[in-house]
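Have a look at the structure below before the remarks.
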Amino acid sequence: ASAPPPARHLFSDPAEVEALRGNLLAWYDRCKRDLPWRALAATEPDADRRGYAVWVSEIMLQQTQVATVIDYYNRWMQKWPTLQALAQASLEEVNELWAGLGYYSRGKRLQEAARKVVSELAGQMPRTAEDLQKLLPGVGRYTAGAIASISYGQATGVVDGNVIRVLCRLRCIGADSSSPAVIDRLWDMANVLVDSTRPGDFNQALMELGATVCVPKAPLCGECPLKQQCQAWRRRLFGKPPSVPDVEDCCVGDCPLCPPATEPWDSSLGVTNFPRKAAKKPPRAMRTATCVLERRGCHGAPEYLIVQRPSSGLLAGLWEFPSLPLAQDLQEEKEREELADHLQACVGRPVAAKGLQFIGEVIHIFSHIHQTYVVYSLHLDGDVTLDPALSPSRWVTEDEFHASAVSTAMKKVWRA
């Protein structure tokens with residue numbers, strides 16, 4: 001087991017902890033953003049509805065900015081205001097509402113968990129972070145802590161990206177903030193700091209501070225209610241005189257929370273020296289040939305073929321134009337031939353490679369994939385019979401395309 005971190009990195013002074021709680025909650029009461037899930041959490045008398053409302057918001061907010069989530073959240077809660085309503089929805093409906101929000105498996109897992117609550121837990125949400133994490137699929141440590149503290153008043157901390165940044169700056173934690181050992185220490189700190197009388201507000205305040213003041217770049221330190229407790233702020237103010245140990249140095253060799261000796265404090269960065277993360281792996285490059293197949297519908301309006309992706313993996317269950325992954329170094333002529341063969345299998349009739357009209361390339365960046373869509377179009381004459389043995393597919397009008405569960409990437413292809 002690693003040695004415990006020096007007291008310099010911990011919150012061991014009860015008076016300091018009380019001051020931090022008071023300053024943060026007072027700031028939150030003055031400055032918090034008016035968000036729909038906060039209003040529901042504060043006004044909904046039914047405990048299960050309250051927990052569900054917070055749960056939906058926390059799942060949507062994973063990897064997605066607040067400004068983007070608000071409209072999706074309002075539409076979701078209007079359509080499925082209760083766990084029971086969501087449990088009765090189809091996955092297709094969930095995907096359609098989720099389209100454009102990204103990380104589509106989140107919506108699928110949320111619905112699966114709602115069905116479990118209704119069928120196995122008599123429609124009652126678990127009331128503690130431990131039970132939420134244990135009983136609900138897709139609910140991890142953070143989401144469980146957020147629901148339990150905000151909805152049910154459990155005095156448990158939370159650690160998300162914003163909280164990591166705030167805590168690392170408050171205590172000059174410069175070790176890799178994504179490492180399990182550091183994450184465990186941050187959870188310990190969050191549980192020490194959480195206010196037992198207002199745990200939900202405290203956790204939201206800590207996250208709000210990271211989202212609006214203690215931001216990754218150009219933090220608003222002058223407006224921060226915790227600057228008196230922030231070691232990174234004090235270090236920025238007083239600097240580090242040559243050959244003299246810094247007042248904020250823990251003075252312990254091989255400290256598990258200090259920056260590596262090879263990455264000392266950079267005075268030009270100030271508080272943004274923290275947190276530090278291991279370098280991300282670059283996203284892998286992928287190329288995919290995509291064809292917008294068009295035919296004249298029975299009412300004279302153009303229709304377009306879309307096919308459903310597999311039920312697992314990237315963009316699971318969503319609809320897209322017929323697409324085919326390509327080798328990175330494939331020549332255009334070979335690329336057309338492979339796509340033509342794929343389309344022929346889709347529509348059950350010969351497709352000439354030379355008939356494919358090249359439209360252009362569309363770039364879409366997923367979290368771990370740099371995706372290039374090589375876009376073609378093709379107009380088909382006459383009736384087209386789709387093979388039911390292949391992936392589910394259907395012809396849609398332009399309006400139906402936009403109403404379907406299609407990804408942002410496919411909407412980019414459409415615009416092209």
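Within each chain, counting starts at residue 1; across the structure tokens, chains are named A, B, ... in the order shown, with ligands numbered 1 upward in that order.
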
Leaving out Phe321 (chain A) and any residue of its chain fewer than 4 positions from it, which residues lie within 7 Å of it when counting only C-alpha atoms, given as a list in words?
-> Thr290, Cys291, Val292, Leu305, Ile306 and Val307 of chain A

Preceding selection exported with N, CA, C and O atoms as a JSON list (two decimals), in the first residue's frame:
[["chain", "number", "residue", "atom", "x", "y", "z"],
["A", 290, "THR", "N", -20.20, 6.24, -47.83],
["A", 290, "THR", "CA", -21.62, 6.39, -47.53],
["A", 290, "THR", "C", -22.35, 6.85, -48.79],
["A", 290, "THR", "O", -21.86, 7.76, -49.48],
["A", 291, "CYS", "N", -23.49, 6.24, -49.06],
["A", 291, "CYS", "CA", -24.23, 6.60, -50.27],
["A", 291, "CYS", "C", -25.65, 7.03, -49.93],
["A", 291, "CYS", "O", -26.37, 6.30, -49.23],
["A", 292, "VAL", "N", -26.03, 8.20, -50.43],
["A", 292, "VAL", "CA", -27.41, 8.67, -50.31],
["A", 292, "VAL", "C", -28.16, 8.15, -51.53],
["A", 292, "VAL", "O", -28.03, 8.68, -52.63],
["A", 305, "LEU", "N", -32.98, 5.95, -48.78],
["A", 305, "LEU", "CA", -32.83, 4.69, -48.06],
["A", 305, "LEU", "C", -31.98, 4.88, -46.81],
["A", 305, "LEU", "O", -30.88, 5.43, -46.88],
["A", 306, "ILE", "N", -32.51, 4.44, -45.68],
["A", 306, "ILE", "CA", -31.71, 4.41, -44.46],
["A", 306, "ILE", "C", -31.75, 2.99, -43.89],
["A", 306, "ILE", "O", -32.73, 2.26, -44.05],
["A", 307, "VAL", "N", -30.66, 2.59, -43.25],
["A", 307, "VAL", "CA", -30.54, 1.26, -42.66],
["A", 307, "VAL", "C", -30.19, 1.41, -41.19],
["A", 307, "VAL", "O", -29.59, 2.42, -40.78]]

Helix (DSSP H, G or I) residues, from DSSP on the backbone, in region 168-254 of chain A, as a ChimeraX atom specification | /A:168-170,180-193,199-212,221-223,227-229,231-238

Atoms to include: N, CA and C atoms. Write the selected residues as a tab-separated table (two decimals), in the first residue's frame.
chain	number	residue	atom	x	y	z
A	168	CYS	N	-8.10	19.58	-7.07
A	168	CYS	CA	-6.67	19.57	-7.38
A	168	CYS	C	-6.05	20.95	-7.20
A	169	ARG	N	-6.80	22.00	-7.52
A	169	ARG	CA	-6.27	23.35	-7.33
A	169	ARG	C	-6.30	23.76	-5.86
A	170	LEU	N	-7.36	23.37	-5.17
A	170	LEU	CA	-7.43	23.73	-3.75
A	170	LEU	C	-6.25	23.15	-2.96
A	180	PRO	N	-6.18	5.88	-10.80
A	180	PRO	CA	-7.08	5.38	-9.74
A	180	PRO	C	-6.68	5.83	-8.34
A	181	ALA	N	-5.38	5.89	-8.07
A	181	ALA	CA	-4.94	6.28	-6.73
A	181	ALA	C	-5.34	7.72	-6.41
A	182	VAL	N	-5.17	8.62	-7.38
A	182	VAL	CA	-5.54	10.02	-7.15
A	182	VAL	C	-7.05	10.15	-7.07
A	183	ILE	N	-7.77	9.46	-7.94
A	183	ILE	CA	-9.23	9.53	-7.91
A	183	ILE	C	-9.77	9.08	-6.55
A	184	ASP	N	-9.18	8.02	-5.99
A	184	ASP	CA	-9.61	7.56	-4.66
A	184	ASP	C	-9.39	8.63	-3.61
A	185	ARG	N	-8.25	9.32	-3.66
A	185	ARG	CA	-7.97	10.40	-2.70
A	185	ARG	C	-8.99	11.54	-2.86
A	186	LEU	N	-9.35	11.85	-4.10
A	186	LEU	CA	-10.30	12.93	-4.34
A	186	LEU	C	-11.69	12.57	-3.81
A	187	TRP	N	-12.07	11.30	-3.94
A	187	TRP	CA	-13.34	10.88	-3.36
A	187	TRP	C	-13.30	11.01	-1.83
A	188	ASP	N	-12.18	10.65	-1.24
A	188	ASP	CA	-12.05	10.83	0.22
A	188	ASP	C	-12.24	12.29	0.60
A	189	MET	N	-11.62	13.19	-0.16
A	189	MET	CA	-11.75	14.62	0.12
A	189	MET	C	-13.20	15.09	-0.03
A	190	ALA	N	-13.84	14.64	-1.11
A	190	ALA	CA	-15.22	15.06	-1.36
A	190	ALA	C	-16.13	14.62	-0.22
A	191	ASN	N	-15.89	13.43	0.31
A	191	ASN	CA	-16.72	12.94	1.41
A	191	ASN	C	-16.43	13.67	2.72
A	192	VAL	N	-15.20	14.15	2.88
A	192	VAL	CA	-14.87	14.96	4.07
A	192	VAL	C	-15.53	16.33	3.98
A	193	LEU	N	-15.54	16.91	2.78
A	193	LEU	CA	-16.02	18.28	2.62
A	193	LEU	C	-17.53	18.42	2.59
A	199	PRO	N	-26.32	18.51	1.57
A	199	PRO	CA	-25.37	17.78	0.73
A	199	PRO	C	-25.61	17.97	-0.76
A	200	GLY	N	-26.89	17.96	-1.17
A	200	GLY	CA	-27.18	18.14	-2.60
A	200	GLY	C	-26.75	19.49	-3.10
A	201	ASP	N	-27.06	20.54	-2.34
A	201	ASP	CA	-26.66	21.89	-2.74
A	201	ASP	C	-25.14	22.02	-2.73
A	202	PHE	N	-24.50	21.42	-1.73
A	202	PHE	CA	-23.04	21.53	-1.67
A	202	PHE	C	-22.40	20.87	-2.89
A	203	ASN	N	-22.84	19.67	-3.24
A	203	ASN	CA	-22.26	18.98	-4.39
A	203	ASN	C	-22.52	19.75	-5.68
A	204	GLN	N	-23.72	20.27	-5.83
A	204	GLN	CA	-24.01	21.06	-7.02
A	204	GLN	C	-23.18	22.35	-7.04
A	205	ALA	N	-22.95	22.92	-5.86
A	205	ALA	CA	-22.15	24.14	-5.79
A	205	ALA	C	-20.71	23.87	-6.21
A	206	LEU	N	-20.16	22.75	-5.76
A	206	LEU	CA	-18.79	22.41	-6.12
A	206	LEU	C	-18.66	22.20	-7.63
A	207	MET	N	-19.65	21.52	-8.21
A	207	MET	CA	-19.64	21.32	-9.66
A	207	MET	C	-19.88	22.63	-10.40
A	208	GLU	N	-20.76	23.45	-9.87
A	208	GLU	CA	-21.05	24.76	-10.48
A	208	GLU	C	-19.82	25.65	-10.48
A	209	LEU	N	-19.07	25.60	-9.39
A	209	LEU	CA	-17.85	26.40	-9.31
A	209	LEU	C	-16.88	25.99	-10.40
A	210	GLY	N	-16.71	24.68	-10.59
A	210	GLY	CA	-15.82	24.20	-11.63
A	210	GLY	C	-16.31	24.53	-13.03
A	211	ALA	N	-17.62	24.60	-13.21
A	211	ALA	CA	-18.19	24.85	-14.54
A	211	ALA	C	-18.18	26.32	-14.92
A	212	THR	N	-18.22	27.22	-13.93
A	212	THR	CA	-18.40	28.64	-14.25
A	212	THR	C	-17.26	29.54	-13.80
A	221	CYS	N	-10.29	33.60	-10.86
A	221	CYS	CA	-9.88	33.44	-9.47
A	221	CYS	C	-10.34	34.60	-8.59
A	222	GLY	N	-10.40	35.79	-9.16
A	222	GLY	CA	-10.83	36.95	-8.36
A	222	GLY	C	-12.26	36.82	-7.89
A	223	GLU	N	-13.09	36.03	-8.58
A	223	GLU	CA	-14.50	35.86	-8.21
A	223	GLU	C	-14.74	34.60	-7.39
A	227	LYS	N	-11.03	31.15	-2.73
A	227	LYS	CA	-9.62	31.48	-2.98
A	227	LYS	C	-8.80	31.51	-1.69
A	228	GLN	N	-9.43	31.80	-0.56
A	228	GLN	CA	-8.68	31.80	0.70
A	228	GLN	C	-8.26	30.39	1.11
A	229	GLN	N	-8.99	29.37	0.63
A	229	GLN	CA	-8.63	27.99	0.94
A	229	GLN	C	-7.82	27.34	-0.18
A	231	GLN	N	-4.70	26.53	-2.31
A	231	GLN	CA	-3.24	26.56	-2.27
A	231	GLN	C	-2.64	26.98	-3.62
A	232	ALA	N	-3.28	26.58	-4.71
A	232	ALA	CA	-2.76	26.99	-6.02
A	232	ALA	C	-2.86	28.50	-6.19
A	233	TRP	N	-3.91	29.10	-5.65
A	233	TRP	CA	-4.07	30.57	-5.71
A	233	TRP	C	-2.99	31.26	-4.88
A	234	ARG	N	-2.75	30.75	-3.69
A	234	ARG	CA	-1.72	31.37	-2.84
A	234	ARG	C	-0.34	31.20	-3.48
A	235	ARG	N	-0.10	30.06	-4.07
A	235	ARG	CA	1.19	29.84	-4.71
A	235	ARG	C	1.37	30.80	-5.89
A	236	ARG	N	0.30	31.05	-6.62
A	236	ARG	CA	0.37	31.99	-7.73
A	236	ARG	C	0.68	33.40	-7.24
A	237	LEU	N	0.09	33.75	-6.08
A	237	LEU	CA	0.30	35.09	-5.54
A	237	LEU	C	1.73	35.28	-5.05
A	238	PHE	N	2.26	34.31	-4.30
A	238	PHE	CA	3.53	34.51	-3.61
A	238	PHE	C	4.73	33.99	-4.39

Please report, as JSON lines, each residue of region 136-187 of chain A lying at most 10 Å from region 26-50 of chain A, together with the nearest pair of atoms and the separation in Å rounded to one decimal; use only C-alpha atoms, and order rows by chain and ascending residue number.
{"residue": "A:Ile147", "atom": "CA", "partner": "A:Arg50", "partner_atom": "CA", "distance": 9.0}
{"residue": "A:Ile150", "atom": "CA", "partner": "A:Ala41", "partner_atom": "CA", "distance": 7.1}
{"residue": "A:Ser151", "atom": "CA", "partner": "A:Arg50", "partner_atom": "CA", "distance": 5.9}
{"residue": "A:Tyr152", "atom": "CA", "partner": "A:Ala47", "partner_atom": "CA", "distance": 7.5}

Atoms kept (all heavy atoms) for selection, written as an mmCIF file, in the first residue's frame:
data_model
loop_
_atom_site.group_PDB
_atom_site.id
_atom_site.type_symbol
_atom_site.label_atom_id
_atom_site.label_comp_id
_atom_site.auth_asym_id
_atom_site.auth_seq_id
_atom_site.Cartn_x
_atom_site.Cartn_y
_atom_site.Cartn_z
ATOM 1 N N ILE A 147 -27.470 11.524 -7.371
ATOM 2 C CA ILE A 147 -28.893 11.272 -7.133
ATOM 3 C C ILE A 147 -29.181 11.199 -5.637
ATOM 4 O O ILE A 147 -30.136 11.808 -5.133
ATOM 5 C CB ILE A 147 -29.333 9.957 -7.813
ATOM 6 C CG1 ILE A 147 -29.179 10.052 -9.328
ATOM 7 C CG2 ILE A 147 -30.788 9.627 -7.448
ATOM 8 C CD1 ILE A 147 -29.383 8.717 -10.049
ATOM 9 N N ILE A 150 -28.668 14.847 -3.961
ATOM 10 C CA ILE A 150 -29.585 15.893 -4.425
ATOM 11 C C ILE A 150 -31.036 15.515 -4.166
ATOM 12 O O ILE A 150 -31.847 16.342 -3.737
ATOM 13 C CB ILE A 150 -29.352 16.167 -5.924
ATOM 14 C CG1 ILE A 150 -27.936 16.680 -6.171
ATOM 15 C CG2 ILE A 150 -30.375 17.171 -6.462
ATOM 16 C CD1 ILE A 150 -27.530 16.739 -7.642
ATOM 17 N N SER A 151 -31.387 14.251 -4.420
ATOM 18 C CA SER A 151 -32.791 13.839 -4.309
ATOM 19 C C SER A 151 -33.184 13.402 -2.908
ATOM 20 O O SER A 151 -34.324 13.608 -2.483
ATOM 21 C CB SER A 151 -33.077 12.687 -5.280
ATOM 22 O OG SER A 151 -32.766 13.048 -6.601
ATOM 23 N N TYR A 152 -32.243 12.755 -2.185
ATOM 24 C CA TYR A 152 -32.599 12.126 -0.920
ATOM 25 C C TYR A 152 -31.814 12.642 0.280
ATOM 26 O O TYR A 152 -31.970 12.129 1.381
ATOM 27 C CB TYR A 152 -32.439 10.603 -1.042
ATOM 28 C CG TYR A 152 -33.190 10.045 -2.221
ATOM 29 C CD1 TYR A 152 -32.557 9.286 -3.189
ATOM 30 C CD2 TYR A 152 -34.555 10.316 -2.389
ATOM 31 C CE1 TYR A 152 -33.245 8.789 -4.288
ATOM 32 C CE2 TYR A 152 -35.251 9.832 -3.479
ATOM 33 C CZ TYR A 152 -34.593 9.066 -4.432
ATOM 34 O OH TYR A 152 -35.284 8.591 -5.514
#

Residue with the minimum atom-to-atom distance to Ala19 (chain A), picked from A:Gly51, A:Gly138, A:Ser196, A:Pro225 with only C-alpha atoms counted, is A:Pro225

Compile the contact shell of Gln344 (chain A) as a PyMOL selection string: residues with an atom at most 12 Å away, counting only C-alpha atoms, same-chain residues fewer than 2 positions apart removed.
-> chain A and resi 291+293+322+337-342+346-353+378+380+384-387+390

Kindly save the residues from that selection, with N, CA, C and O atoms included, as a CSV table (one decimal), in the first residue's frame.
chain,number,residue,atom,x,y,z
A,291,CYS,N,-23.5,6.2,-49.1
A,291,CYS,CA,-24.2,6.6,-50.3
A,291,CYS,C,-25.7,7.0,-49.9
A,291,CYS,O,-26.4,6.3,-49.2
A,293,LEU,N,-28.9,7.1,-51.3
A,293,LEU,CA,-29.7,6.5,-52.4
A,293,LEU,C,-31.1,7.1,-52.5
A,293,LEU,O,-31.8,7.2,-51.4
A,322,PRO,N,-26.8,3.9,-46.3
A,322,PRO,CA,-25.9,2.7,-46.5
A,322,PRO,C,-24.5,3.0,-46.5
A,322,PRO,O,-24.0,3.9,-47.2
A,337,GLU,N,-16.0,0.4,-56.3
A,337,GLU,CA,-16.4,-0.9,-56.6
A,337,GLU,C,-17.0,-1.6,-55.3
A,337,GLU,O,-18.0,-2.3,-55.4
A,338,GLU,N,-16.3,-1.4,-54.2
A,338,GLU,CA,-16.7,-2.1,-53.0
A,338,GLU,C,-18.0,-1.5,-52.5
A,338,GLU,O,-18.9,-2.2,-52.1
A,339,LEU,N,-18.2,-0.2,-52.7
A,339,LEU,CA,-19.5,0.4,-52.3
A,339,LEU,C,-20.6,0.0,-53.2
A,339,LEU,O,-21.7,-0.3,-52.7
A,340,ALA,N,-20.3,-0.2,-54.5
A,340,ALA,CA,-21.3,-0.6,-55.4
A,340,ALA,C,-21.8,-2.1,-55.0
A,340,ALA,O,-23.0,-2.4,-55.1
A,341,ASP,N,-20.8,-2.9,-54.7
A,341,ASP,CA,-21.2,-4.3,-54.3
A,341,ASP,C,-22.0,-4.3,-53.0
A,341,ASP,O,-23.0,-5.0,-52.9
A,342,HIS,N,-21.7,-3.4,-52.1
A,342,HIS,CA,-22.5,-3.3,-50.8
A,342,HIS,C,-23.9,-2.8,-51.1
A,342,HIS,O,-24.9,-3.3,-50.6
A,346,CYS,N,-27.8,-4.4,-50.7
A,346,CYS,CA,-28.9,-3.7,-50.0
A,346,CYS,C,-30.2,-3.7,-50.8
A,346,CYS,O,-31.3,-3.9,-50.2
A,347,VAL,N,-30.1,-3.4,-52.1
A,347,VAL,CA,-31.3,-3.2,-52.9
A,347,VAL,C,-31.7,-4.3,-53.8
A,347,VAL,O,-32.7,-4.3,-54.4
A,348,GLY,N,-30.8,-5.3,-53.8
A,348,GLY,CA,-31.1,-6.5,-54.6
A,348,GLY,C,-31.2,-6.4,-56.1
A,348,GLY,O,-31.9,-7.1,-56.8
A,349,ARG,N,-30.4,-5.4,-56.6
A,349,ARG,CA,-30.3,-5.3,-58.0
A,349,ARG,C,-28.9,-4.7,-58.4
A,349,ARG,O,-28.2,-4.1,-57.5
A,350,PRO,N,-28.4,-4.9,-59.6
A,350,PRO,CA,-27.1,-4.5,-59.9
A,350,PRO,C,-26.9,-2.9,-59.7
A,350,PRO,O,-27.8,-2.2,-60.0
A,351,VAL,N,-25.8,-2.6,-59.2
A,351,VAL,CA,-25.4,-1.1,-59.1
A,351,VAL,C,-24.1,-0.9,-59.7
A,351,VAL,O,-23.1,-1.6,-59.4
A,352,ALA,N,-24.0,0.0,-60.7
A,352,ALA,CA,-22.8,0.2,-61.4
A,352,ALA,C,-21.9,1.2,-60.7
A,352,ALA,O,-22.4,2.3,-60.3
A,353,ALA,N,-20.6,0.8,-60.5
A,353,ALA,CA,-19.7,1.7,-59.7
A,353,ALA,C,-19.6,3.1,-60.4
A,353,ALA,O,-19.6,4.1,-59.7
A,378,LEU,N,-26.7,8.4,-55.4
A,378,LEU,CA,-27.2,7.6,-56.6
A,378,LEU,C,-28.7,7.6,-56.7
A,378,LEU,O,-29.4,7.4,-55.6
A,380,LEU,N,-32.1,5.9,-58.1
A,380,LEU,CA,-32.6,4.6,-58.6
A,380,LEU,C,-33.9,4.8,-59.3
A,380,LEU,O,-34.8,5.5,-58.8
A,384,VAL,N,-37.9,-0.7,-56.0
A,384,VAL,CA,-36.8,-1.3,-55.4
A,384,VAL,C,-37.3,-2.2,-54.2
A,384,VAL,O,-38.0,-1.7,-53.3
A,385,THR,N,-37.0,-3.5,-54.2
A,385,THR,CA,-37.4,-4.4,-53.2
A,385,THR,C,-36.3,-4.6,-52.2
A,385,THR,O,-35.2,-5.0,-52.6
A,386,LEU,N,-36.5,-4.3,-50.9
A,386,LEU,CA,-35.5,-4.5,-49.9
A,386,LEU,C,-35.5,-5.9,-49.4
A,386,LEU,O,-36.5,-6.5,-49.1
A,387,ASP,N,-34.3,-6.4,-49.1
A,387,ASP,CA,-34.2,-7.8,-48.6
A,387,ASP,C,-34.4,-7.8,-47.1
A,387,ASP,O,-33.6,-7.2,-46.3
A,390,LEU,N,-31.6,-8.8,-44.5
A,390,LEU,CA,-30.5,-7.9,-44.2
A,390,LEU,C,-30.8,-7.0,-43.0
A,390,LEU,O,-31.9,-7.2,-42.4

Which distance in Å separates CA of Gln63 (chain A) and CA of Lys281 (chain A), to one decimal?
->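 So the two atoms, CA of Gln63 (chain A) and CA of Lys281 (chain A), lie 17.5 Å apart.
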
What is the CA of Ala15 (chain A)-CA of Cys172 (chain A) distance in Å, reported with one decimal?
->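 CA of Cys172 (chain A) lies 19.6 Å from CA of Ala15 (chain A).
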
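If only C-alpha atoms are the atoms counted, then among A:Val215, A:Ala345, A:Leu314, A:Val271 the closest residue to Gly174 (chain A) is A:Val271.
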
A:Ala144, A:Ile173, A:Leu86, A:Leu101: which is nearest Trp265 (chain A), counting only C-alpha atoms?
-> A:Ile173

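Candidate residues A:Gly107, A:Ile365, A:Leu20, A:Ala155 were compared for distance to Thr197 (chain A), and the nearest is A:Ala155, using only C-alpha atoms.
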
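Counting only C-alpha atoms, the residue from A:Leu220, A:Val163, A:Ile70, A:Leu226 that sits nearest to Glu18 (chain A) is A:Leu226.
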
Which residue, A:Met286, A:Phe11, A:Gln133, A:Glu16, has the smallest gap to Trp55 (chain A) when you use only C-alpha atoms?
->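 Checking each of A:Met286, A:Phe11, A:Gln133, A:Glu16 against Trp55 (chain A), counting only C-alpha atoms, the winner is A:Gln133.
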
Write out as a PyMOL selection string the residues lying within 12 Å of Ala85 (chain A), counting only C-alpha atoms and excluding same-chain residues fewer than 5 positions away.
-> chain A and resi 49+52+76-80+90+93-94+111+114-115+117-118+123

Same residues, N, CA, C and O atoms, saved as an mmCIF file, in the first residue's frame:
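Now in selection_33.cif:
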data_model
loop_
_atom_site.group_PDB
_atom_site.id
_atom_site.type_symbol
_atom_site.label_atom_id
_atom_site.label_comp_id
_atom_site.auth_asym_id
_atom_site.auth_seq_id
_atom_site.Cartn_x
_atom_site.Cartn_y
_atom_site.Cartn_z
ATOM 1 N N ARG A 49 -40.208 10.410 -8.293
ATOM 2 C CA ARG A 49 -40.151 11.338 -9.429
ATOM 3 C C ARG A 49 -38.946 12.268 -9.302
ATOM 4 O O ARG A 49 -38.309 12.606 -10.289
ATOM 5 N N TYR A 52 -35.857 10.330 -10.225
ATOM 6 C CA TYR A 52 -35.852 10.110 -11.669
ATOM 7 C C TYR A 52 -35.448 11.381 -12.407
ATOM 8 O O TYR A 52 -34.636 11.342 -13.348
ATOM 9 N N TRP A 76 -37.619 15.545 -22.983
ATOM 10 C CA TRP A 76 -37.660 14.204 -22.378
ATOM 11 C C TRP A 76 -38.674 14.159 -21.232
ATOM 12 O O TRP A 76 -39.524 13.258 -21.173
ATOM 13 N N MET A 77 -38.579 15.103 -20.310
ATOM 14 C CA MET A 77 -39.446 15.083 -19.137
ATOM 15 C C MET A 77 -40.897 15.375 -19.507
ATOM 16 O O MET A 77 -41.819 14.938 -18.811
ATOM 17 N N GLN A 78 -41.111 16.111 -20.586
ATOM 18 C CA GLN A 78 -42.477 16.337 -21.052
ATOM 19 C C GLN A 78 -43.057 15.051 -21.640
ATOM 20 O O GLN A 78 -44.236 14.740 -21.437
ATOM 21 N N LYS A 79 -42.238 14.292 -22.348
ATOM 22 C CA LYS A 79 -42.709 13.064 -22.988
ATOM 23 C C LYS A 79 -42.803 11.909 -22.000
ATOM 24 O O LYS A 79 -43.745 11.115 -22.042
ATOM 25 N N TRP A 80 -41.791 11.796 -21.098
ATOM 26 C CA TRP A 80 -41.753 10.697 -20.132
ATOM 27 C C TRP A 80 -41.532 11.276 -18.735
ATOM 28 O O TRP A 80 -40.410 11.244 -18.206
ATOM 29 N N SER A 90 -40.551 2.731 -26.486
ATOM 30 C CA SER A 90 -39.716 1.840 -27.302
ATOM 31 C C SER A 90 -38.313 2.427 -27.406
ATOM 32 O O SER A 90 -38.118 3.642 -27.256
ATOM 33 N N GLU A 93 -38.138 5.170 -29.968
ATOM 34 C CA GLU A 93 -38.571 6.490 -29.490
ATOM 35 C C GLU A 93 -37.454 7.158 -28.685
ATOM 36 O O GLU A 93 -37.208 8.368 -28.814
ATOM 37 N N VAL A 94 -36.798 6.367 -27.838
ATOM 38 C CA VAL A 94 -35.702 6.916 -27.027
ATOM 39 C C VAL A 94 -34.580 7.418 -27.931
ATOM 40 O O VAL A 94 -34.068 8.526 -27.754
ATOM 41 N N GLN A 111 -33.110 3.710 -20.186
ATOM 42 C CA GLN A 111 -34.404 3.056 -20.333
ATOM 43 C C GLN A 111 -34.385 1.646 -19.752
ATOM 44 O O GLN A 111 -35.336 1.211 -19.097
ATOM 45 N N ALA A 114 -34.683 1.956 -16.100
ATOM 46 C CA ALA A 114 -36.045 2.352 -15.711
ATOM 47 C C ALA A 114 -36.966 1.139 -15.727
ATOM 48 O O ALA A 114 -37.812 0.961 -14.826
ATOM 49 N N ARG A 115 -36.829 0.287 -16.737
ATOM 50 C CA ARG A 115 -37.654 -0.925 -16.799
ATOM 51 C C ARG A 115 -37.363 -1.848 -15.613
ATOM 52 O O ARG A 115 -38.271 -2.488 -15.071
ATOM 53 N N VAL A 117 -36.382 -0.861 -12.593
ATOM 54 C CA VAL A 117 -36.995 -0.261 -11.406
ATOM 55 C C VAL A 117 -38.485 -0.593 -11.360
ATOM 56 O O VAL A 117 -39.034 -0.953 -10.309
ATOM 57 N N VAL A 118 -39.145 -0.502 -12.518
ATOM 58 C CA VAL A 118 -40.588 -0.763 -12.572
ATOM 59 C C VAL A 118 -40.893 -2.238 -12.359
ATOM 60 O O VAL A 118 -41.793 -2.604 -11.590
ATOM 61 N N GLY A 123 -41.233 -0.014 -8.875
ATOM 62 C CA GLY A 123 -41.290 1.392 -9.273
ATOM 63 C C GLY A 123 -40.638 2.348 -8.300
ATOM 64 O O GLY A 123 -40.736 3.560 -8.464
#
